[in-house]
$ cat target-v2.cif   # mmCIF, C-alpha atoms and all ligand atoms
data_model
#
loop_
_atom_site.label_atom_id
_atom_site.label_comp_id
_atom_site.auth_asym_id
_atom_site.auth_seq_id
_atom_site.Cartn_x
_atom_site.Cartn_y
_atom_site.Cartn_z
CA MET K 1 -46.79 -2.85 -38.20
CA GLY K 2 -44.37 -1.45 -40.81
CA THR K 3 -45.58 2.07 -40.07
CA ALA K 4 -45.14 1.59 -36.33
CA GLN K 5 -41.61 0.37 -36.93
CA SER K 6 -40.61 3.27 -39.09
CA VAL K 7 -42.18 5.71 -36.63
CA GLY K 8 -40.19 3.97 -33.90
CA ARG K 9 -37.01 4.28 -35.91
CA ALA K 10 -37.69 7.94 -36.66
CA ILE K 11 -38.27 8.66 -32.99
CA SER K 12 -35.14 6.86 -31.90
CA GLY K 13 -33.19 8.68 -34.62
CA PHE K 14 -34.61 11.95 -33.39
CA PHE K 15 -33.48 11.24 -29.82
CA LYS K 16 -30.06 10.18 -31.00
CA VAL K 17 -29.59 13.47 -32.81
CA LEU K 18 -31.01 15.36 -29.84
CA SER K 19 -28.62 13.65 -27.45
CA GLN K 20 -25.68 14.42 -29.74
CA ILE K 21 -26.65 18.07 -29.86
CA THR K 22 -27.07 18.16 -26.09
CA ARG K 23 -23.73 16.50 -25.54
CA GLY K 24 -22.06 18.94 -27.92
CA LEU K 25 -23.62 21.89 -26.12
CA ALA K 26 -22.65 20.51 -22.72
CA ASN K 27 -19.06 20.03 -23.85
CA ALA K 28 -18.90 23.54 -25.27
CA LEU K 29 -20.34 24.94 -22.05
CA ASP K 30 -17.91 22.90 -19.94
CA THR K 31 -14.99 24.24 -21.92
CA ALA K 32 -16.24 27.83 -21.70
CA VAL K 33 -16.88 27.60 -17.95
CA ASP K 34 -13.56 25.89 -17.40
CA PHE K 35 -11.73 28.54 -19.35
CA ALA K 36 -13.41 31.44 -17.56
CA TYR K 37 -12.98 29.77 -14.17
CA VAL K 38 -9.27 29.22 -14.61
CA LYS K 39 -8.80 32.76 -15.88
CA VAL K 40 -10.37 34.19 -12.75
CA PHE K 41 -9.18 31.77 -10.09
CA GLY K 42 -5.93 30.47 -11.54
CA LEU K 43 -4.60 27.19 -12.90
CA PRO K 44 -5.00 24.51 -10.23
CA PHE K 45 -1.82 22.49 -9.75
CA ILE K 46 -0.03 20.90 -6.81
CA VAL K 47 3.58 20.22 -5.86
CA LEU K 48 4.44 16.91 -4.20
CA GLY K 49 7.66 15.07 -3.37
CA TYR K 50 9.57 13.51 -0.50
CA ARG K 51 10.96 15.48 2.44
CA GLY K 52 13.52 18.09 1.44
CA THR K 53 13.17 17.79 -2.34
CA GLY K 54 12.46 21.51 -2.73
CA LYS K 55 8.68 21.92 -2.76
CA THR K 56 8.73 25.04 -0.59
CA THR K 57 11.68 26.37 -2.60
CA LEU K 58 9.91 25.79 -5.92
CA LEU K 59 6.80 27.62 -4.76
CA ALA K 60 8.95 30.48 -3.47
CA ARG K 61 10.81 30.60 -6.79
CA LEU K 62 7.51 30.75 -8.69
CA ARG K 63 6.33 33.56 -6.43
CA ASP K 64 9.61 35.38 -6.93
CA GLN K 65 10.30 35.31 -3.22
CA ILE K 66 13.91 34.19 -3.42
CA LYS K 67 15.95 37.37 -3.31
CA ASN K 68 19.19 35.87 -2.11
CA VAL K 69 20.00 32.27 -2.97
CA GLU K 70 22.66 32.00 -0.22
CA GLU K 71 20.30 33.06 2.50
CA PHE K 72 17.25 31.13 1.40
CA ASP K 73 16.83 28.21 3.79
CA PRO K 74 13.23 27.24 4.50
CA ASP K 75 12.20 25.13 7.50
CA PRO K 76 10.77 21.68 6.81
CA THR K 77 7.06 22.14 6.19
CA ALA K 78 5.02 20.97 9.19
CA ALA K 79 2.01 18.65 9.19
CA GLY K 80 -1.05 20.32 7.71
CA GLY K 81 1.10 22.36 5.34
CA ASP K 82 0.96 26.11 4.70
CA PRO K 83 -1.71 27.85 2.67
CA VAL K 84 -0.46 29.50 -0.52
CA PRO K 85 -2.61 32.21 -2.15
CA SER K 86 -3.16 32.23 -5.91
CA PHE K 87 -0.61 34.44 -7.64
CA ARG K 88 0.62 35.49 -11.06
CA ALA K 89 3.79 33.91 -12.40
CA PRO K 90 5.66 34.39 -15.69
CA VAL K 91 4.96 30.87 -16.90
CA GLY K 92 2.80 31.63 -19.94
CA ALA K 93 4.00 31.48 -23.55
CA ASN K 94 6.98 33.83 -24.00
CA GLY K 95 7.13 34.35 -20.27
CA SER K 96 3.79 36.14 -20.03
CA ASP K 97 2.00 36.21 -16.67
CA VAL K 98 -0.46 33.48 -15.79
CA LYS K 99 -2.54 33.15 -12.65
CA VAL K 100 -1.77 29.90 -10.84
CA LYS K 101 -3.35 28.23 -7.87
CA PRO K 102 -1.23 25.79 -5.86
CA ARG K 103 -3.45 26.12 -2.82
CA ARG K 104 -1.10 24.66 -0.21
CA ASP K 105 2.55 23.85 0.38
CA VAL K 106 2.66 20.41 2.01
CA GLY K 107 5.51 18.56 3.71
CA GLY K 108 7.06 15.37 2.36
CA GLU K 109 7.29 13.10 5.40
CA TYR K 110 5.77 9.59 5.01
CA SER K 111 3.04 10.31 7.55
CA MET K 112 1.88 13.26 5.44
CA TRP K 113 1.16 11.32 2.24
CA ASP K 114 -2.10 9.76 3.28
CA THR K 115 -3.17 12.91 5.08
CA ASP K 116 -1.87 16.16 3.60
CA TRP K 117 -1.12 14.94 0.07
CA LEU K 118 -4.41 13.16 -0.37
CA SER K 119 -6.51 15.96 1.09
CA LEU K 120 -4.66 18.56 -0.98
CA TYR K 121 -5.26 16.51 -4.10
CA ARG K 122 -8.95 16.20 -3.32
CA GLU K 123 -9.41 19.85 -2.43
CA ALA K 124 -7.28 21.40 -5.14
CA LYS K 125 -8.65 19.19 -7.96
CA PRO K 126 -5.38 19.89 -9.77
CA ARG K 127 -5.05 19.74 -13.52
CA GLY K 128 -1.35 19.20 -13.08
CA ILE K 129 1.04 17.67 -10.56
CA ILE K 130 4.70 18.54 -10.21
CA TYR K 131 6.47 15.65 -8.50
CA LEU K 132 9.92 16.58 -7.25
CA ILE K 133 12.85 14.26 -6.76
CA ASP K 134 16.54 14.95 -6.34
CA HIS K 135 19.77 12.96 -6.76
CA THR K 136 19.60 11.32 -3.30
CA ASN K 137 17.14 9.13 -1.34
CA VAL K 138 16.11 6.97 -4.29
CA TYR K 139 13.94 4.66 -2.19
CA GLN K 140 11.97 7.43 -0.58
CA HIS K 141 11.39 9.19 -3.90
CA LYS K 142 10.22 5.93 -5.45
CA ASP K 143 7.87 5.24 -2.56
CA GLY K 144 6.39 8.71 -2.75
CA LEU K 145 6.00 8.53 -6.51
CA ASN K 146 4.31 5.14 -6.29
CA TYR K 147 2.00 6.55 -3.66
CA VAL K 148 1.00 9.34 -6.04
CA LEU K 149 0.47 6.97 -8.98
CA GLN K 150 -1.65 4.72 -6.79
CA MET K 151 -3.65 7.74 -5.67
CA LEU K 152 -4.26 8.74 -9.29
CA ASP K 153 -5.50 5.24 -10.05
CA GLU K 154 -7.82 5.15 -7.10
CA GLU K 155 -9.22 8.62 -7.57
CA GLN K 156 -9.32 8.62 -11.36
CA GLY K 157 -13.05 8.88 -12.00
CA ARG K 158 -13.28 11.80 -9.64
CA GLN K 159 -10.70 14.21 -10.99
CA PRO K 160 -8.43 13.37 -13.87
CA ILE K 161 -5.19 15.30 -14.23
CA LYS K 162 -3.90 16.58 -17.55
CA VAL K 163 -0.20 16.53 -16.89
CA LEU K 164 2.39 15.06 -14.54
CA LEU K 165 5.80 16.71 -14.43
CA LEU K 166 8.60 14.69 -12.87
CA LEU K 167 11.12 17.35 -11.99
CA VAL K 168 14.62 16.28 -10.98
CA ASN K 169 15.55 19.18 -8.77
CA LYS K 170 18.86 20.53 -7.40
CA TYR K 171 20.47 20.47 -10.83
CA ASP K 172 23.01 22.99 -9.53
CA ILE K 173 24.34 20.35 -7.10
CA TRP K 174 24.51 17.23 -9.27
CA ALA K 175 25.07 18.57 -12.80
CA ASP K 176 28.85 18.23 -12.55
CA GLN K 177 28.82 14.64 -11.34
CA MET K 178 25.99 12.93 -13.19
CA SER K 179 23.52 13.13 -16.03
CA LEU K 180 19.74 13.06 -15.96
CA ASP K 181 19.87 9.52 -17.39
CA ASP K 182 22.15 8.37 -14.55
CA ILE K 183 19.54 9.51 -12.06
CA LEU K 184 16.58 8.14 -13.99
CA ASP K 185 18.26 4.75 -14.29
CA ASP K 186 17.06 3.97 -10.77
CA TYR K 187 13.47 4.78 -11.70
CA ARG K 188 12.97 2.45 -14.63
CA ASN K 189 9.97 0.66 -13.14
CA GLU K 190 8.34 3.88 -12.07
CA LEU K 191 8.83 5.43 -15.50
CA ARG K 192 7.23 2.40 -17.10
CA ARG K 193 4.35 2.70 -14.70
CA ILE K 194 3.93 6.40 -15.48
CA LYS K 195 3.98 5.74 -19.21
CA SER K 196 1.30 3.09 -19.10
CA GLN K 197 -0.82 4.99 -16.59
CA SER K 198 -0.63 8.18 -18.62
CA GLU K 199 -1.95 6.30 -21.64
CA ARG K 200 -4.68 4.65 -19.62
CA LEU K 201 -5.83 7.76 -17.77
CA GLY K 202 -5.18 10.13 -20.65
CA TYR K 203 -2.68 12.58 -19.24
CA THR K 204 0.63 13.88 -20.55
CA TYR K 205 3.84 13.32 -18.62
CA MET K 206 7.11 15.16 -18.86
CA ILE K 207 10.47 14.60 -17.23
CA ARG K 208 12.70 17.61 -16.70
CA MET K 209 15.58 18.80 -14.59
CA GLY K 210 16.31 22.14 -13.04
CA SER K 211 17.13 24.02 -9.89
CA ALA K 212 14.31 25.47 -7.82
CA LEU K 213 16.87 27.38 -5.79
CA THR K 214 18.78 29.14 -8.57
CA GLY K 215 16.11 28.89 -11.26
CA GLU K 216 18.56 27.20 -13.63
CA GLY K 217 16.82 25.15 -16.32
CA LEU K 218 13.46 25.75 -14.77
CA ASP K 219 11.74 28.35 -16.95
CA GLN K 220 11.04 26.22 -19.99
CA ALA K 221 10.01 23.22 -17.88
CA LEU K 222 7.43 25.35 -16.09
CA ILE K 223 6.20 27.02 -19.27
CA ASP K 224 5.68 23.59 -20.87
CA PHE K 225 3.98 22.26 -17.75
CA PHE K 226 1.54 25.14 -17.44
CA ASP K 227 0.88 25.10 -21.15
CA ALA K 228 -0.22 21.47 -20.82
CA VAL K 229 -2.32 22.35 -17.76
CA ARG K 230 -4.10 25.28 -19.38
CA PRO K 231 -7.59 24.76 -20.81
CA ARG K 232 -7.87 25.81 -24.45
CA PRO K 233 -10.26 28.55 -25.50
CA GLN K 234 -13.05 27.29 -27.75
CA GLN K 235 -11.39 27.92 -31.09
CA ASP K 236 -8.25 26.06 -29.99
CA GLN K 237 -10.12 22.85 -29.29
CA PRO K 238 -9.27 19.95 -31.54
CA ALA K 239 -12.21 18.83 -33.67
CA SER K 240 -14.58 16.56 -31.77
CA GLN K 241 -13.82 12.88 -32.24
CA SER K 242 -17.34 11.55 -31.78
N1 LIG A 301 21.27 23.52 -4.06
C1 LIG A 301 19.95 23.44 -4.08
N2 LIG A 301 19.29 23.34 -2.93
C2 LIG A 301 17.94 23.27 -2.98
C3 LIG A 301 17.22 23.30 -4.20
N3 LIG A 301 15.91 23.23 -3.91
C4 LIG A 301 15.82 23.14 -2.58
N4 LIG A 301 17.04 23.17 -2.01
C5 LIG A 301 17.38 23.10 -0.59
O1 LIG A 301 16.90 21.89 -0.06
C6 LIG A 301 16.42 22.09 1.26
C7 LIG A 301 14.97 21.64 1.35
O2 LIG A 301 14.20 22.49 0.54
P1 LIG A 301 12.65 22.72 0.82
O3 LIG A 301 12.14 23.61 -0.23
O4 LIG A 301 12.43 23.09 2.23
O5 LIG A 301 12.12 21.22 0.59
P2 LIG A 301 10.62 20.70 0.82
O6 LIG A 301 10.37 19.73 -0.26
O7 LIG A 301 9.70 21.82 0.98
O8 LIG A 301 10.81 19.91 2.19
P3 LIG A 301 9.66 19.49 3.25
O9 LIG A 301 8.75 20.64 3.44
O10 LIG A 301 10.44 19.17 4.49
O11 LIG A 301 9.01 18.27 2.70
C8 LIG A 301 16.59 23.58 1.56
O12 LIG A 301 17.79 23.76 2.26
C9 LIG A 301 16.69 24.21 0.20
O13 LIG A 301 17.47 25.38 0.20
C10 LIG A 301 17.97 23.41 -5.41
O14 LIG A 301 17.45 23.44 -6.53
N5 LIG A 301 19.33 23.47 -5.27
MG MG A 302 8.48 22.39 2.48
#
$ encode --input "target-v2.cif" --output "structure tokens" --more "lines below"
Ligand SMILES: Nc1nc2c(ncn2[C@@H]2O[C@H](COP(=O)(O)OP(=O)(O)OP(=O)(O)O)[C@@H](O)[C@H]2O)c(=O)[nH]1
Ligand SMILES: [Mg+2]
Amino acid sequence: MGTAQSVGRAISGFFKVLSQITRGLANALDTAVDFAYVKVFGLPFIVLGYRGTGKTTLLARLRDQIKNVEEFDPDPTAAGGDPVPSFRAPVGANGSDVKVKPRRDVGGEYSMWDTDWLSLYREAKPRGIIYLIDHTNVYQHKDGLNYVLQMLDEEQGRQPIKVLLLLVNKYDIWADQMSLDDILDDYRNELRRIKSQSERLGYTYMIRMGSALTGEGLDQALIDFFDAVRPRPQQDQPASQS
């Protein structure tokens, strides 16, 4: 009886060790595959926000397609959105080039949230989301943001994000009349919701301001965002907690 028990214990101990080794290997492999994948295909991220907040402008700015700020005036993005190829942008540490993969530029109209936003989120499997607001249309921005937070809750098991950047755009327009805090004052509930969700789902959130049109204030925000999105090479990984 005693022998059978100790054999049983030894066997279960053996399997425990084996499963730990397997889990460790799987994690290491995941990280390596992830790292290689992102290097080849680009960092998956998406840009969302209500109608007219500057999504198309931000993507154009990242792609260095804005030659003349005065003349840049994009049409509202139509239902279905526009495909965006992966491209290299100077958003790495010290402004080095990084390949990024936004996949599609979607419109911000209400009717597009449950269609274009959700399908983009599911297809792109983004590691990061940039949610744009500006100094106007508080209710619409709140609605859109709550839609995104709800979506993250509902889809969580499927594809967790690593970072959410709330970017208060059009800094060049409002900087003279108000501060970032003035604008954020209207979003107190949403900010609370983001904070608690980020802790629950394990992502980082950042709140920044800038101008997608002129590029003012944008560089560091984007560098920080993509740094948080980027998978770490093996040696950068924090020591395993298990
Ligand atoms: N002054 C200023 N104007 C901006 C900025 N970003 C965008 N705009 C302007 O805001 C308007 C809407 O910009 P878009 O980039 O088309 O906005 P969008 O979010 O793509 O809009 P939809 O596709 O309709 O949802 C355009 O006239 C832009 O030139 C900015 O940082 N500063
Ligand atoms: Mg657009």
$ residues_near_ligand --input "target-v2.cif" --ligand "ligand LIG 301 (chain A)" --cutoff "7 Å" --atoms "all atoms listed in the file" --output "count of residues only"
31
$ closest_residue --input "target-v2.cif" --among "K:Leu149, K:Ala221, K:Leu180, K:Val168" --to "Leu201 of chain K" --atoms "all atoms listed in the file"
K:Leu149
$ axis_aligned_box --input "target-v2.cif" --around "segment 58-71 of chain K" --padding-each-side "4 Å" --output "JSON"
{"center_x": 14.5, "center_y": 31.6, "center_z": -3.1, "size_x": 24.3, "size_y": 19.6, "size_z": 19.2}
$ closest_residue --input "target-v2.cif" --among "K:Gly144, K:Gly81, K:Gly215, K:Gly202" --to "ligand MG 302 (chain A)" --atoms "only C-alpha atoms and all ligand atoms"
K:Gly81
$ closest_residue --input "target-v2.cif" --among "K:Lys142, K:Arg193, K:Arg208, K:Arg104" --to "ligand MG 302 (chain A)" --atoms "all atoms listed in the file"
K:Arg104
$ residues_around --input "target-v2.cif" --residues "segment 182-188 of chain K" --least-positions-apart "5" --cutoff "10 Å" --atoms "all atoms listed in the file" --output "list in words"
Ile133, Asp134, His135, Thr136, Val138, Tyr139, His141, Lys142, Leu145, Val168, Trp174, Gln177, Arg193, Ile194 and Ile207 of chain K
$ residues_near_point --input "target-v2.cif" --point "(3.3, 19.6, -25.0)" --cutoff "9 Å" --atoms "only C-alpha atoms" --output "PyMOL selection string"
chain K and resi 204-206+224-225+227-228
$ atom_distance --input "target-v2.cif" --atom1 "atom CA of Phe41 of chain K" --atom2 "atom CA of Ala124 of chain K"
11.6 Å
$ residues_around --input "target-v2.cif" --residues "Val98 of chain K" --least-positions-apart "4" --cutoff "8 Å" --atoms "only C-alpha atoms" --output "PyMOL selection string"
chain K and resi 42+88-92
$ atom_distance --input "target-v2.cif" --atom1 "atom CA of Leu62 of chain K" --atom2 "atom CA of Val100 of chain K"
9.6 Å
$ atom_distance --input "target-v2.cif" --atom1 "atom CA of Phe45 of chain K" --atom2 "atom CA of Thr31 of chain K"
18.0 Å
$ residues_around --input "target-v2.cif" --residues "Gln197 of chain K" --least-positions-apart "2" --cutoff "12 Å" --atoms "all atoms listed in the file" --output "PyMOL selection string"
chain K and resi 146+148-154+156+160-161+163-164+190-195+199-205
$ closest_atom_pairs --input "target-v2.cif" --of "segment 34-95 of chain K" --to "segment 13-30 of chain K" --cutoff "12 Å" --atoms "only C-alpha atoms" --output "JSON lines"
{"residue": "K:Asp34", "atom": "CA", "partner": "K:Asp30", "partner_atom": "CA", "distance": 5.9}
{"residue": "K:Phe35", "atom": "CA", "partner": "K:Asp30", "partner_atom": "CA", "distance": 8.4}
{"residue": "K:Ala36", "atom": "CA", "partner": "K:Asp30", "partner_atom": "CA", "distance": 9.9}
{"residue": "K:Tyr37", "atom": "CA", "partner": "K:Asp30", "partner_atom": "CA", "distance": 10.2}
{"residue": "K:Val38", "atom": "CA", "partner": "K:Asp30", "partner_atom": "CA", "distance": 12.0}
$ closest_residue --input "target-v2.cif" --among "K:Asp97, K:Ala60, K:Gly2, K:Gly217" --to "ligand MG 302 (chain A)" --atoms "all atoms listed in the file"
K:Ala60
$ closest_residue --input "target-v2.cif" --among "K:Glu216, K:Asp105, K:Phe226, K:Pro85" --to "Val69 of chain K" --atoms "all atoms listed in the file"
K:Glu216
